[in-house]
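Here is the file my_file_2.pdb (PDB, C-alpha atoms).
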MODEL        1
ATOM      1  CA  VAL L  25      -8.638  -6.723  12.070
ATOM      2  CA  ALA L  26      -8.541  -9.440   9.407
ATOM      3  CA  GLN L  27      -5.554  -7.825   7.674
ATOM      4  CA  THR L  28      -3.669  -7.540  10.985
ATOM      5  CA  ALA L  29      -4.294 -11.196  11.783
ATOM      6  CA  GLN L  30      -3.208 -12.194   8.282
ATOM      7  CA  ALA L  31       0.027 -10.186   8.560
ATOM      8  CA  ILE L  32       0.935 -11.838  11.870
ATOM      9  CA  SER L  33       0.081 -15.340  10.668
ATOM     10  CA  TYR L  34       1.970 -14.910   7.376
ATOM     11  CA  MET L  35       5.155 -13.868   9.170
ATOM     12  CA  ALA L  36       4.867 -16.937  11.396
ATOM     13  CA  TYR L  37       4.161 -19.035   8.289
ATOM     14  CA  LEU L  38       7.330 -17.883   6.496
ATOM     15  CA  SER L  39       9.442 -18.322   9.609
ATOM     16  CA  TRP L  40       8.079 -21.850  10.055
ATOM     17  CA  LEU L  41       8.707 -22.744   6.413
ATOM     18  CA  SER L  42      12.300 -21.504   6.636
ATOM     19  CA  ASP L  43      12.883 -24.165   9.326
ATOM     20  CA  LEU L  44      10.683 -26.845   7.757
ATOM     21  CA  VAL L  45      12.289 -26.647   4.270
ATOM     22  CA  PRO L  46      16.063 -27.230   3.916
ATOM     23  CA  GLU L  47      17.893 -24.060   2.909
ATOM     24  CA  HIS L  48      19.307 -25.626  -0.260
ATOM     25  CA  ASN L  49      15.730 -26.269  -1.455
ATOM     26  CA  TRP L  50      14.229 -22.830  -0.723
ATOM     27  CA  GLY L  51      14.416 -21.707  -4.348
ATOM     28  CA  ARG L  52      12.618 -24.701  -5.843
ATOM     29  CA  PHE L  53      10.107 -24.878  -2.987
ATOM     30  CA  PHE L  54       9.017 -21.238  -3.253
ATOM     31  CA  ALA L  55       9.050 -21.526  -7.051
ATOM     32  CA  LYS L  56       6.596 -24.442  -6.946
ATOM     33  CA  ARG L  57       4.454 -22.545  -4.466
ATOM     34  CA  ASN L  58       4.436 -19.500  -6.743
ATOM     35  CA  ILE L  59       3.582 -21.583  -9.835
ATOM     36  CA  ALA L  60       0.627 -23.167  -8.011
ATOM     37  CA  ARG L  61      -0.614 -19.707  -6.981
ATOM     38  CA  VAL L  62      -0.293 -18.348 -10.528
ATOM     39  CA  CYS L  63      -2.167 -21.314 -12.028
ATOM     40  CA  ILE L  64      -5.068 -20.596  -9.669
ATOM     41  CA  LEU L  65      -4.992 -16.881 -10.569
ATOM     42  CA  LEU L  66      -5.198 -17.749 -14.265
ATOM     43  CA  VAL L  67      -8.563 -19.466 -13.749
ATOM     44  CA  VAL L  68     -10.421 -18.459 -10.597
ATOM     45  CA  PRO L  69     -10.740 -14.629 -10.917
ATOM     46  CA  ILE L  70     -12.002 -14.796 -14.521
ATOM     47  CA  ALA L  71     -14.412 -17.644 -13.762
ATOM     48  CA  GLY L  72     -15.649 -15.903 -10.621
ATOM     49  CA  GLY L  73     -16.152 -12.604 -12.428
ATOM     50  CA  TYR L  74     -18.047 -14.284 -15.266
ATOM     51  CA  LEU L  75     -20.334 -16.170 -12.883
ATOM     52  CA  ARG L  76     -21.010 -13.031 -10.869
ATOM     53  CA  ASP L  77     -21.876 -10.995 -13.990
ATOM     54  CA  HIS L  78     -24.079 -13.787 -15.318
ATOM     55  CA  TRP L  79     -25.938 -13.970 -12.000
ATOM     56  CA  ARG L  80     -26.400 -10.198 -11.749
ATOM     57  CA  SER L  81     -27.771  -9.907 -15.290
ATOM     58  CA  ASN L  82     -30.452 -12.528 -14.682
ATOM     59  CA  VAL L  83     -31.825 -11.615 -11.246
ATOM     60  CA  SER L  84     -33.122  -8.526  -9.434
ATOM     61  CA  ALA L  85     -30.766  -6.032  -7.805
ATOM     62  CA  ALA L  86     -31.713  -7.175  -4.302
ATOM     63  CA  LEU L  87     -31.101 -10.816  -5.142
ATOM     64  CA  ALA L  88     -27.832  -9.969  -6.894
ATOM     65  CA  LEU L  89     -26.284  -9.207  -3.495
ATOM     66  CA  LEU L  90     -26.330 -12.931  -2.838
ATOM     67  CA  ALA L  91     -23.572 -13.300  -5.449
ATOM     68  CA  TYR L  92     -21.234 -11.302  -3.210
ATOM     69  CA  VAL L  93     -22.357 -13.167  -0.098
ATOM     70  CA  ALA L  94     -21.675 -16.463  -1.889
ATOM     71  CA  ALA L  95     -18.240 -15.316  -3.104
ATOM     72  CA  PHE L  96     -17.122 -14.179   0.354
ATOM     73  CA  GLY L  97     -18.611 -17.280   1.969
ATOM     74  CA  ILE L  98     -16.842 -19.674  -0.389
ATOM     75  CA  GLY L  99     -13.562 -17.771  -0.098
ATOM     76  CA  THR L 100     -13.642 -17.759   3.703
ATOM     77  CA  SER L 101     -14.544 -21.456   3.775
ATOM     78  CA  LEU L 102     -11.579 -22.298   1.526
ATOM     79  CA  GLN L 103      -9.235 -20.285   3.739
ATOM     80  CA  LEU L 104     -10.422 -22.225   6.779
ATOM     81  CA  ALA L 105     -10.083 -25.520   4.899
ATOM     82  CA  SER L 106      -6.487 -24.647   3.945
ATOM     83  CA  LEU L 107      -5.519 -24.818   7.611
ATOM     84  CA  TRP L 108      -6.148 -28.569   7.699
ATOM     85  CA  PRO L 109      -3.147 -29.628   5.555
ATOM     86  CA  LEU L 110      -0.968 -27.143   7.474
ATOM     87  CA  ILE L 111      -1.927 -28.773  10.772
ATOM     88  CA  GLN L 112      -0.778 -32.137   9.378
ATOM     89  CA  LEU L 113       2.772 -30.858   8.801
ATOM     90  CA  PRO L 114       5.369 -31.433  11.553
ATOM     91  CA  ASN L 115       6.216 -28.817  14.145
ATOM     92  CA  VAL L 116       9.999 -28.683  13.741
ATOM     93  CA  ALA L 117      12.311 -27.942  16.632
ATOM     94  CA  VAL L 118      13.590 -24.386  16.964
ATOM     95  CA  ARG L 119      17.091 -24.205  15.487
ATOM     96  CA  SER L 120      18.302 -21.086  17.279
ATOM     97  CA  ALA L 121      19.435 -21.084  20.889
ATOM     98  CA  LYS L 122      18.497 -17.388  21.210
ATOM     99  CA  PHE L 123      14.744 -17.807  20.942
ATOM    100  CA  ASP L 124      14.223 -15.823  24.182
ATOM    101  CA  VAL L 125      15.879 -12.631  22.859
ATOM    102  CA  PRO L 126      13.412  -9.672  22.960
ATOM    103  CA  ASN L 127      12.051  -8.547  19.593
ATOM    104  CA  LEU L 128      13.455  -5.023  19.974
ATOM    105  CA  GLN L 129      16.953  -6.472  20.343
ATOM    106  CA  LEU L 130      16.370  -8.642  17.253
ATOM    107  CA  ILE L 131      15.337  -5.542  15.291
ATOM    108  CA  GLY L 132      18.508  -3.776  16.406
ATOM    109  CA  THR L 133      20.594  -6.804  15.408
ATOM    110  CA  ALA L 134      18.941  -6.899  11.993
ATOM    111  CA  LEU L 135      19.613  -3.217  11.351
ATOM    112  CA  CYS L 136      23.260  -3.583  12.423
ATOM    113  CA  ASP L 137      23.887  -6.215   9.749
ATOM    114  CA  ARG L 138      25.245  -4.271   6.782
ATOM    115  CA  SER L 139      24.069  -6.707   4.094
ATOM    116  CA  PHE L 140      20.605  -7.086   5.605
ATOM    117  CA  ARG L 141      20.327  -3.312   5.986
ATOM    118  CA  ARG L 142      21.097  -2.846   2.286
ATOM    119  CA  LEU L 143      18.518  -5.481   1.402
ATOM    120  CA  LEU L 144      15.962  -3.559   3.472
ATOM    121  CA  VAL L 145      16.819  -0.308   1.700
ATOM    122  CA  HIS L 146      16.388  -2.075  -1.644
ATOM    123  CA  SER L 147      13.013  -3.483  -0.589
ATOM    124  CA  TRP L 148      11.732  -0.217   0.884
ATOM    125  CA  TRP L 149      13.052   1.878  -2.008
ATOM    126  CA  LEU L 150      11.367  -0.424  -4.531
ATOM    127  CA  ALA L 151       8.113  -0.520  -2.545
ATOM    128  CA  PHE L 152       7.944   3.290  -2.392
ATOM    129  CA  ALA L 153       8.676   3.663  -6.120
ATOM    130  CA  GLN L 154       6.047   1.070  -7.020
ATOM    131  CA  GLY L 155       3.395   2.500  -4.714
ATOM    132  CA  LEU L 156       3.792   5.935  -6.281
ATOM    133  CA  THR L 157       2.068   4.791  -9.489
ATOM    134  CA  GLN L 158      -0.872   2.832  -8.015
ATOM    135  CA  VAL L 159      -3.490   5.530  -8.647
ATOM    136  CA  ALA L 160      -1.834   6.749 -11.849
ATOM    137  CA  PHE L 161      -1.926   3.256 -13.397
ATOM    138  CA  PHE L 162      -5.619   2.834 -12.598
ATOM    139  CA  LYS L 163      -6.663   6.279 -13.822
ATOM    140  CA  TYR L 164      -4.574   6.097 -16.982
ATOM    141  CA  ARG L 165      -5.843   2.626 -17.829
ATOM    142  CA  ILE L 166      -9.559   3.348 -17.495
ATOM    143  CA  GLY L 167      -9.330   7.013 -18.545
ATOM    144  CA  PRO L 168      -7.134   8.067 -21.503
ATOM    145  CA  LEU L 169      -6.379   4.503 -22.632
ATOM    146  CA  GLY L 170      -9.964   3.246 -22.192
ATOM    147  CA  ILE L 171      -8.899  -0.382 -21.629
ATOM    148  CA  SER L 172     -11.854  -2.718 -21.152
ATOM    149  CA  LEU L 173     -12.041  -5.255 -18.340
ATOM    150  CA  THR L 174     -11.566  -8.082 -20.864
ATOM    151  CA  SER L 175      -8.398  -6.477 -22.253
ATOM    152  CA  TYR L 176      -7.132  -5.932 -18.723
ATOM    153  CA  TYR L 177      -7.564  -9.644 -17.945
ATOM    154  CA  VAL L 178      -5.641 -10.479 -21.128
ATOM    155  CA  LEU L 179      -2.778  -8.228 -19.992
ATOM    156  CA  MET L 180      -2.789  -9.821 -16.541
ATOM    157  CA  ASN L 181      -2.712 -13.306 -18.069
ATOM    158  CA  VAL L 182       0.355 -12.339 -20.129
ATOM    159  CA  MET L 183       2.122 -11.435 -16.893
ATOM    160  CA  LEU L 184       1.000 -14.633 -15.162
ATOM    161  CA  LEU L 185       2.005 -16.875 -18.072
ATOM    162  CA  VAL L 186       5.498 -15.348 -18.123
ATOM    163  CA  ASN L 187       5.584 -15.782 -14.349
ATOM    164  CA  ILE L 188       5.357 -19.595 -14.538
ATOM    165  CA  PRO L 189       8.573 -20.474 -16.465
ATOM    166  CA  LEU L 190      10.508 -17.681 -14.750
ATOM    167  CA  SER L 191       9.476 -19.043 -11.341
ATOM    168  CA  ALA L 192      10.812 -22.487 -12.242
ATOM    169  CA  ALA L 193      14.056 -21.026 -13.630
ATOM    170  CA  ALA L 194      14.543 -18.688 -10.649
ATOM    171  CA  GLY L 195      14.052 -21.527  -8.152
ATOM    172  CA  TRP L 196      16.554 -23.767  -9.940
ATOM    173  CA  LEU L 197      19.166 -21.012 -10.308
ATOM    174  CA  ALA L 198      18.756 -19.742  -6.732
ATOM    175  CA  ASP L 199      19.461 -23.173  -5.233
ATOM    176  CA  ARG L 200      22.589 -23.644  -7.343
ATOM    177  CA  PHE L 201      24.150 -20.194  -7.629
ATOM    178  CA  GLY L 202      22.592 -17.961  -4.967
ATOM    179  CA  ASN L 203      20.083 -15.137  -4.958
ATOM    180  CA  LYS L 204      21.983 -11.863  -5.173
ATOM    181  CA  TRP L 205      22.477 -11.665  -8.937
ATOM    182  CA  LEU L 206      19.009 -13.030  -9.614
ATOM    183  CA  LEU L 207      17.544 -10.263  -7.463
ATOM    184  CA  PHE L 208      19.671  -7.577  -9.120
ATOM    185  CA  TRP L 209      18.851  -8.513 -12.716
ATOM    186  CA  GLY L 210      15.242  -9.277 -11.830
ATOM    187  CA  ALA L 211      14.819  -5.806 -10.335
ATOM    188  CA  VAL L 212      16.449  -4.216 -13.385
ATOM    189  CA  GLY L 213      14.185  -6.229 -15.696
ATOM    190  CA  VAL L 214      10.885  -5.365 -14.011
ATOM    191  CA  SER L 215      11.849  -1.670 -13.909
ATOM    192  CA  LEU L 216      11.975  -1.740 -17.728
ATOM    193  CA  ALA L 217       8.178  -2.105 -17.743
ATOM    194  CA  MET L 218       7.859   1.633 -17.076
ATOM    195  CA  PRO L 219       9.060   2.859 -20.515
ATOM    196  CA  PHE L 220       6.155   0.888 -22.034
ATOM    197  CA  TRP L 221       3.708   2.855 -19.863
ATOM    198  CA  PHE L 222       5.405   6.020 -21.080
ATOM    199  CA  LEU L 223       4.927   4.954 -24.720
ATOM    200  CA  ALA L 224       1.293   3.871 -24.272
ATOM    201  CA  ALA L 225      -1.207   6.502 -25.383
ATOM    202  CA  PRO L 226      -4.805   6.658 -26.639
ATOM    203  CA  GLY L 227      -4.963   4.516 -29.775
ATOM    204  CA  ARG L 228      -1.766   2.634 -28.961
ATOM    205  CA  TRP L 229      -2.427   1.044 -25.578
ATOM    206  CA  GLN L 230      -0.952  -2.230 -26.936
ATOM    207  CA  TRP L 231       2.443  -1.037 -25.699
ATOM    208  CA  LEU L 232       1.255  -2.264 -22.298
ATOM    209  CA  PHE L 233       1.747  -5.850 -23.437
ATOM    210  CA  GLY L 234       5.473  -5.132 -23.122
ATOM    211  CA  ALA L 235       4.986  -3.744 -19.611
ATOM    212  CA  TYR L 236       3.031  -6.755 -18.381
ATOM    213  CA  PHE L 237       5.519  -9.103 -20.057
ATOM    214  CA  MET L 238       8.369  -7.477 -18.137
ATOM    215  CA  TRP L 239       6.326  -7.584 -14.931
ATOM    216  CA  GLY L 240       6.310 -11.349 -15.263
ATOM    217  CA  GLY L 241       9.873 -11.003 -13.963
ATOM    218  CA  PHE L 242       8.505 -10.278 -10.500
ATOM    219  CA  ALA L 243       8.640 -14.058 -10.099
ATOM    220  CA  VAL L 244      12.443 -13.732 -10.045
ATOM    221  CA  VAL L 245      12.378 -10.714  -7.718
ATOM    222  CA  ASN L 246       9.952 -12.247  -5.235
ATOM    223  CA  ILE L 247      11.640 -15.653  -5.027
ATOM    224  CA  SER L 248      15.241 -14.429  -4.859
ATOM    225  CA  GLY L 249      14.380 -11.493  -2.575
ATOM    226  CA  ARG L 250      12.549 -13.703  -0.074
ATOM    227  CA  ASN L 251      15.303 -16.329  -0.171
ATOM    228  CA  LEU L 252      18.015 -13.730   0.381
ATOM    229  CA  MET L 253      16.071 -12.201   3.276
ATOM    230  CA  LEU L 254      15.754 -15.601   4.964
ATOM    231  CA  LYS L 255      19.410 -16.435   4.251
ATOM    232  CA  LEU L 256      20.621 -13.216   5.890
ATOM    233  CA  SER L 257      18.366 -13.808   8.920
ATOM    234  CA  PRO L 258      19.001 -16.082  11.916
ATOM    235  CA  ARG L 259      17.254 -19.438  11.880
ATOM    236  CA  SER L 260      13.940 -19.616  13.747
ATOM    237  CA  ASP L 261      14.321 -16.149  15.337
ATOM    238  CA  ASN L 262      13.634 -14.376  12.059
ATOM    239  CA  THR L 263      10.139 -12.916  12.489
ATOM    240  CA  ALA L 264      11.598  -9.465  13.219
ATOM    241  CA  HIS L 265      13.634  -9.669  10.013
ATOM    242  CA  ILE L 266      10.577 -10.799   8.027
ATOM    243  CA  ALA L 267       8.504  -7.942   9.474
ATOM    244  CA  LEU L 268      11.134  -5.338   8.570
ATOM    245  CA  PHE L 269      11.460  -6.708   5.046
ATOM    246  CA  ARG L 270       7.796  -7.342   4.282
ATOM    247  CA  GLN L 271       5.533  -5.254   6.514
ATOM    248  CA  VAL L 272       7.545  -2.024   6.494
ATOM    249  CA  GLY L 273       7.773  -2.303   2.712
ATOM    250  CA  GLY L 274       3.995  -2.697   2.526
ATOM    251  CA  LEU L 275       3.528   0.356   4.765
ATOM    252  CA  LEU L 276       5.791   2.455   2.542
ATOM    253  CA  ALA L 277       3.940   1.268  -0.585
ATOM    254  CA  GLY L 278       0.648   2.336   0.984
ATOM    255  CA  MET L 279       1.992   5.737   2.031
ATOM    256  CA  SER L 280       3.509   6.407  -1.388
ATOM    257  CA  GLY L 281       0.218   5.284  -2.964
ATOM    258  CA  LEU L 282      -1.564   8.079  -1.098
ATOM    259  CA  LEU L 283       1.184  10.529  -2.060
ATOM    260  CA  GLY L 284       0.997   9.456  -5.708
ATOM    261  CA  GLY L 285      -2.789   9.843  -5.686
ATOM    262  CA  TYR L 286      -2.616  13.398  -4.395
ATOM    263  CA  TRP L 287       0.197  14.207  -6.829
ATOM    264  CA  ILE L 288      -1.567  12.918  -9.961
ATOM    265  CA  ASP L 289      -4.756  14.755  -8.990
ATOM    266  CA  SER L 290      -2.854  18.037  -8.611
ATOM    267  CA  LEU L 291      -1.032  17.520 -11.911
ATOM    268  CA  LEU L 292      -4.270  16.780 -13.778
ATOM    269  CA  ASP L 293      -6.110  19.702 -12.154
ATOM    270  CA  SER L 294      -3.341  22.080 -13.252
ATOM    271  CA  ASN L 295      -3.178  20.573 -16.793
ATOM    272  CA  PHE L 296       0.539  19.977 -16.376
ATOM    273  CA  GLN L 297       2.471  19.777 -19.663
ATOM    274  CA  MET L 298       6.159  19.977 -20.484
ATOM    275  CA  ASN L 299       8.476  19.114 -23.374
ATOM    276  CA  TRP L 300      11.479  16.881 -22.707
ATOM    277  CA  LEU L 301      13.815  15.665 -25.466
ATOM    278  CA  GLY L 302      11.040  16.022 -28.011
ATOM    279  CA  TRP L 303       8.488  14.150 -25.877
ATOM    280  CA  GLN L 304       5.322  15.840 -24.677
ATOM    281  CA  ILE L 305       5.040  14.916 -21.008
ATOM    282  CA  GLY L 306       1.813  15.209 -19.059
ATOM    283  CA  GLY L 307       1.033  14.412 -15.443
ATOM    284  CA  PHE L 308       0.827  10.673 -15.977
ATOM    285  CA  GLN L 309       4.112  10.502 -17.883
ATOM    286  CA  LEU L 310       5.914  12.549 -15.209
ATOM    287  CA  ILE L 311       4.934  10.095 -12.472
ATOM    288  CA  PHE L 312       5.887   7.156 -14.712
ATOM    289  CA  LEU L 313       9.370   8.636 -15.237
ATOM    290  CA  VAL L 314       9.916   9.346 -11.536
ATOM    291  CA  SER L 315       8.766   5.824 -10.636
ATOM    292  CA  PHE L 316      11.038   4.336 -13.313
ATOM    293  CA  ALA L 317      14.039   6.133 -11.813
ATOM    294  CA  GLY L 318      13.145   4.825  -8.362
ATOM    295  CA  ARG L 319      12.543   1.248  -9.522
ATOM    296  CA  PHE L 320      15.787   1.104 -11.521
ATOM    297  CA  THR L 321      18.001   2.600  -8.813
ATOM    298  CA  ALA L 322      16.510   0.238  -6.205
ATOM    299  CA  ALA L 323      18.440  -2.571  -7.907
ATOM    300  CA  LEU L 324      21.753  -0.817  -7.191
ATOM    301  CA  TRP L 325      21.351  -1.416  -3.450
ATOM    302  CA  VAL L 326      21.663  -5.161  -4.088
ATOM    303  CA  LEU L 327      25.211  -4.938  -5.502
ATOM    304  CA  PRO L 328      27.098  -4.430  -2.177
ATOM    305  CA  ILE L 329      25.212  -7.268  -0.424
ATOM    306  CA  GLN L 330      27.414 -10.165   0.715
ATOM    307  CA  GLU L 331      25.595 -13.506   0.356
ATOM    308  CA  ARG L 332      27.112 -16.571   1.968
ATOM    309  CA  GLY L 333      27.919 -19.285  -0.597
ATOM    310  CA  ALA L 334      26.724 -17.279  -3.604
ATOM    311  CA  LYS L 335      28.558 -17.686  -6.912
ATOM    312  CA  SER L 336      29.858 -14.796  -8.981
ATOM    313  CA  LEU L 337      28.156 -13.800 -12.211
ATOM    314  CA  GLY L 338      31.121 -15.097 -14.250
ATOM    315  CA  TRP L 339      31.090 -18.426 -12.406
ATOM    316  CA  MET L 340      27.370 -18.804 -13.098
ATOM    317  CA  TRP L 341      27.844 -18.074 -16.795
ATOM    318  CA  ARG L 342      30.688 -20.586 -17.146
ATOM    319  CA  ALA L 343      28.744 -23.288 -15.275
ATOM    320  CA  LEU L 344      25.658 -22.778 -17.451
ATOM    321  CA  SER L 345      27.815 -22.845 -20.600
ATOM    322  CA  ARG L 346      29.385 -26.155 -19.545
ATOM    323  CA  LEU L 347      25.943 -27.590 -18.792
ATOM    324  CA  ARG L 348      24.670 -26.517 -22.210
ATOM    325  CA  ARG L 349      27.637 -28.073 -24.012
ATOM    326  CA  PHE L 350      27.192 -31.305 -22.021
ATOM    327  CA  ARG L 351      23.522 -31.516 -22.975
ATOM    328  CA  ASN L 352      24.346 -30.835 -26.633
ATOM    329  CA  ARG L 353      26.814 -33.729 -26.657
ATOM    330  CA  ARG L 354      24.213 -36.034 -25.168
TER     331      ARG L 354
ENDMDL
END
Output the structure of this file as structure tokens.
Amino acid sequence: VAQTAQAISYMAYLSWLSDLVPEHNWGRFFAKRNIARVCILLVVPIAGGYLRDHWRSNVSAALALLAYVAAFGIGTSLQLASLWPLIQLPNVAVRSAKFDVPNLQLIGTALCDRSFRRLLVHSWWLAFAQGLTQVAFFKYRIGPLGISLTSYYVLMNVMLLVNIPLSAAAGWLADRFGNKWLLFWGAVGVSLAMPFWFLAAPGRWQWLFGAYFMWGGFAVVNISGRNLMLKLSPRSDNTAHIALFRQVGGLLAGMSGLLGGYWIDSLLDSNFQMNWLGWQIGGFQLIFLVSFAGRFTAALWVLPIQERGAKSLGWMWRALSRLRRFRNRR
């Protein structure tokens, strides 16, 4: 019930923000929002985990349950408190004159738009490919690689630290040049994390630093993908578009997560092994390769998208070169 309520409220939240924030500032706005979120994630989970472990090691098992009660209580209280600054923001007027159009008709309109349809295929394709490895990542990390919780937090912090400057850069570039090419190259970049999982093995798990470094590029994918979705949607009447882009993608990620879990279990139970180009491939490596193919090809669906006002890749390069030369002269 809580997840359903959160999904509905978040779609309304994004739709509201798309009207509240001027379109030419979407990139920088969502970048700042992402940077604030990442800064919190760098501190709060580690501090909370340390405090919980410290509490559990110094009290009885029955009393240790209070640590979880306190964590959930504080978290829920902060969520409720976050509504107060939202209430203080203005309720902007609806920009679209078609606000009374039924949702089913809006869904049909969204699917008839060729560019938006290709963006949906990209999002769904990527979500399915990413969900496929959810169980495999977890089992491989705690099983053959034997990565400790401390090492895992270090890997996560690498990803988050890369996320911060890329968020700022993505926001600035999106507002000036558009989102299409940022989304394409961002999707290509994050897909290149998978070869590092393929190279990681017992005794050389450090290859995963490369994977988590590349995953820092999700800042570019998330900002440019959300901006492009909002740009291809009608103003105000865009909740159907947001639901198709976000919620259907989440559903596909969950379904492929179940499929990937069953698949890795069957591969491990059968002791799957094969030789490919001199590489010994087991069950984990097979899923990593299939997911890599899906993640990489998802970027190709972005290429035919037509974005209003977006600059070409060559135009962007020339503009950035002129800006660099101007700054050097100064």
_Once the PyMOL selection byres ((chain L and resi 249-255) around 7) has been evaluated on this model, what residues remain selected, and can you format them as a PyMOL selection string?_
chain L and resi 50-51+203+207+245-248+256-257
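A straight line drawn from atom CA of L:Trp239 to atom CA of L:Thr263 is 28.2 Å long.
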Once the PyMOL selection byres ((chain L and resi 284-298) around 8) is applied to the coordinates I shared, what remains selected? I want it as a PDB file with C-alpha atoms, keeping the file's coordinate frame.
ATOM      1  CA  GLY L 155       3.395   2.500  -4.714  1.00  0.00           C
ATOM      2  CA  LEU L 156       3.792   5.935  -6.281  1.00  0.00           C
ATOM      3  CA  THR L 157       2.068   4.791  -9.489  1.00  0.00           C
ATOM      4  CA  GLN L 158      -0.872   2.832  -8.015  1.00  0.00           C
ATOM      5  CA  VAL L 159      -3.490   5.530  -8.647  1.00  0.00           C
ATOM      6  CA  ALA L 160      -1.834   6.749 -11.849  1.00  0.00           C
ATOM      7  CA  SER L 280       3.509   6.407  -1.388  1.00  0.00           C
ATOM      8  CA  GLY L 281       0.218   5.284  -2.964  1.00  0.00           C
ATOM      9  CA  LEU L 282      -1.564   8.079  -1.098  1.00  0.00           C
ATOM     10  CA  LEU L 283       1.184  10.529  -2.060  1.00  0.00           C
ATOM     11  CA  ASN L 299       8.476  19.114 -23.374  1.00  0.00           C
ATOM     12  CA  TRP L 300      11.479  16.881 -22.707  1.00  0.00           C
ATOM     13  CA  GLN L 304       5.322  15.840 -24.677  1.00  0.00           C
ATOM     14  CA  ILE L 305       5.040  14.916 -21.008  1.00  0.00           C
ATOM     15  CA  GLY L 306       1.813  15.209 -19.059  1.00  0.00           C
ATOM     16  CA  GLY L 307       1.033  14.412 -15.443  1.00  0.00           C
ATOM     17  CA  PHE L 308       0.827  10.673 -15.977  1.00  0.00           C
ATOM     18  CA  ILE L 311       4.934  10.095 -12.472  1.00  0.00           C
TER      19      ILE L 311
END
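Minimum atom-to-atom distances from L:Pro46, L:Gly274, L:Gly240, L:Gly202 to L:Glu331 were compared using all atoms listed in the file, and the lowest value belongs to L:Gly202.
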*Rank nothing, just name the residue among L:Ile32, L:Ala198, L:Leu65, L:Leu216 nearest to L:Ser315, using only C-alpha atoms.*
L:Leu216
*Evaluating the PyMOL selection byres ((chain L and resi 326) around 7) on the displayed file yields which residues, as a PyMOL selection string?*
chain L and resi 142-143+146+204+208+323-325+327-329
Could you please take those selected residues and save C-alpha atoms as a short mmCIF file (atom, residue, chain, number, x, y, z; two decimals), keeping the file's coordinate frame?
data_model
loop_
_atom_site.label_atom_id
_atom_site.label_comp_id
_atom_site.auth_asym_id
_atom_site.auth_seq_id
_atom_site.Cartn_x
_atom_site.Cartn_y
_atom_site.Cartn_z
CA ARG L 142 21.10 -2.85 2.29
CA LEU L 143 18.52 -5.48 1.40
CA HIS L 146 16.39 -2.08 -1.64
CA LYS L 204 21.98 -11.86 -5.17
CA PHE L 208 19.67 -7.58 -9.12
CA ALA L 323 18.44 -2.57 -7.91
CA LEU L 324 21.75 -0.82 -7.19
CA TRP L 325 21.35 -1.42 -3.45
CA LEU L 327 25.21 -4.94 -5.50
CA PRO L 328 27.10 -4.43 -2.18
CA ILE L 329 25.21 -7.27 -0.42
#
*Find, counting only C-alpha atoms, the residue in L:Ile188, L:Val244, L:Ala267, L:Ala86 that gets nearest to L:Leu66.*
L:Ile188
_Here is a test: counting only C-alpha atoms, which residue of L:Ile166, L:Ala71, L:Ala194, L:Val212 is nearest to L:Ala317?_
L:Val212
*asked:* Counting all atoms listed in the file, which residue out of L:Gly73, L:Gly273, L:Gly241, L:Gly338 sits closest to L:Ala211?
replied: L:Gly241
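For the pair atom CA of L:Ala88 and atom CA of L:Leu75, the interatomic distance is 11.4 Å.
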